[in-house]
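Below: data30.csv (CSV, C-alpha atoms)
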chain,number,residue,atom,x,y,z
I,1,MET,CA,108.8,104.2,119.5
I,2,ASN,CA,109.9,101.1,117.6
I,3,PHE,CA,107.9,98.0,116.9
I,4,LYS,CA,109.4,95.9,119.7
I,5,GLU,CA,108.5,98.6,122.3
I,6,LEU,CA,105.0,98.9,120.9
I,7,LEU,CA,104.6,95.1,121.1
I,8,LEU,CA,105.8,95.0,124.7
I,9,LEU,CA,103.4,97.7,125.7
I,10,ALA,CA,100.5,95.8,123.9
I,11,LYS,CA,101.5,92.7,125.9
I,12,ASP,CA,101.1,94.8,129.0
I,13,ASN,CA,97.5,95.6,127.9
I,14,GLU,CA,98.2,99.2,127.0
I,15,ASP,CA,95.1,100.2,125.0
I,16,PHE,CA,96.9,102.7,122.8
I,17,ALA,CA,99.6,100.2,121.8
I,18,ILE,CA,97.0,97.5,121.0
I,19,LYS,CA,95.0,100.0,118.9
I,20,LYS,CA,98.2,101.1,117.1
I,21,LEU,CA,99.1,97.5,116.2
I,22,ILE,CA,95.6,96.8,115.0
I,23,GLU,CA,95.7,100.0,112.9
I,24,MET,CA,99.1,98.9,111.4
I,25,TYR,CA,97.7,95.5,110.4
I,26,LYS,CA,94.2,96.7,109.4
I,27,PRO,CA,94.9,96.5,105.7
I,28,LEU,CA,95.9,92.8,106.0
I,29,LEU,CA,92.9,92.1,108.4
I,30,LEU,CA,90.5,93.7,105.9
I,31,LYS,CA,92.0,91.8,103.0
I,32,GLU,CA,91.7,88.5,104.8
I,33,SER,CA,88.2,89.3,105.9
I,34,THR,CA,87.0,89.5,102.3
I,35,VAL,CA,85.6,86.3,100.8
I,36,ASP,CA,84.7,86.2,97.1
I,37,GLY,CA,84.8,90.0,97.0
I,38,VAL,CA,82.4,90.4,100.0
I,39,PHE,CA,83.6,91.8,103.3
I,40,ASP,CA,82.6,89.6,106.2
I,41,GLU,CA,82.4,91.7,109.4
I,42,ASP,CA,82.2,88.6,111.7
I,43,LEU,CA,85.4,87.2,110.1
I,44,TYR,CA,87.1,90.6,110.6
I,45,GLN,CA,86.1,90.6,114.3
I,46,GLU,CA,87.4,87.0,114.7
I,47,LEU,CA,90.7,87.9,113.1
I,48,CYS,CA,91.1,90.9,115.4
I,49,MET,CA,90.5,88.7,118.4
I,50,VAL,CA,93.0,86.1,117.1
I,51,PHE,CA,95.5,88.9,116.5
I,52,MET,CA,95.1,90.2,120.0
I,53,HIS,CA,95.5,86.7,121.4
I,54,CYS,CA,98.7,86.3,119.4
I,55,ILE,CA,100.0,89.5,120.9
I,56,GLU,CA,99.4,88.1,124.4
I,57,VAL,CA,101.2,84.8,123.8
I,58,ILE,CA,104.1,85.9,121.7
I,59,ARG,CA,107.5,85.5,123.4
I,60,ILE,CA,110.0,88.3,122.9

If you convert what's in this file into structure tokens, what do you get?
Amino acid sequence: MNFKELLLLAKDNEDFAIKKLIEMYKPLLLKESTVDGVFDEDLYQELCMVFMHCIEVIRI
């Protein structure tokens, strides 16, 4: 399955596709959730929610 197909499935609210995309972007989400060397779990959750919203609104 290529990235575009995975994204389209995630837009259709397929749980496995959303989980796969979050897993793919997890290193970036973790990196951006670290402030001054300290991991901020609330920030991580917020970034995940924003990421999922972006999946919903992206036009392909």

Just the number, please: distance in Å from CA of Met1 (chain I) to CA of Leu30 (chain I), one decimal.
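The value is 25.1 Å.
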
One-decimal distance in Å that lies between CA of Glu5 (chain I) and CA of Leu47 (chain I)
22.7 Å

Name the residues in contact with Ser33 (chain I) at a cut-off of 9 Å, using all atoms listed in the file, excluding same-chain residues fewer than 4 positions from it; report them as a list in words.
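Using all atoms listed in the file, the neighbours found are Leu28, Leu29, Val38, Phe39, Asp40, Glu41, Asp42, Leu43, Tyr44, Gln45 and Leu47 of chain I.
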
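Rounded to one decimal, CA of Ile55 (chain I) and CA of Gly37 (chain I) lie 28.3 Å from each other.
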
Residue nearest Lys19 (chain I) - candidates I:Met52, I:Thr34, I:Asn2, I:Glu46, atoms counted: all atoms listed in the file:
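Ranked by minimum distance to Lys19 (chain I), first place goes to I:Met52.
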
Show me, as number ranges by chain, the residues that have an atom within 9 Å of Ile60 (chain I) when counting only C-alpha atoms, minus same-chain residues fewer than 3 positions from it.
I: 4, 7-8

Write out as a compact mmCIF listing (two decimals) with C-alpha atoms, keeping the file's coordinate frame which residues come within 9 Å of Leu21 (chain I) when counting all atoms listed in the file, dropping same-chain ones fewer than 3 positions away.
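Generated output (result11.txt):
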# COMPACT_ATOMS: atom_id res chain seq x y z
CA PHE I 3 107.90 98.00 116.90
CA LEU I 6 105.00 98.90 120.90
CA LEU I 7 104.60 95.10 121.10
CA ALA I 10 100.50 95.80 123.90
CA PHE I 16 96.90 102.70 122.80
CA ALA I 17 99.60 100.20 121.80
CA ILE I 18 97.00 97.50 121.00
CA MET I 24 99.10 98.90 111.40
CA TYR I 25 97.70 95.50 110.40
CA LYS I 26 94.20 96.70 109.40

Axis-aligned box for all listed atoms of region 24-32 of chain I, 4 Å per side, centre and edges in Å to one decimal, as lines of an AutoDock Vina configuration file:
center_x = 94.8
center_y = 93.7
center_z = 107.2
size_x = 16.6
size_y = 18.4
size_z = 16.4

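Each of I:Leu9, I:Glu56, I:Met49, I:Val35 was compared to Ile22 (chain I) using all atoms listed in the file, and I:Met49 turns out to be the nearest.
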
From I:Pro27, I:Val50, I:Ile58, I:Asp36, residue lying nearest Asp12 (chain I) [only C-alpha atoms]
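Smallest distance to Asp12 (chain I) is found for I:Ile58.
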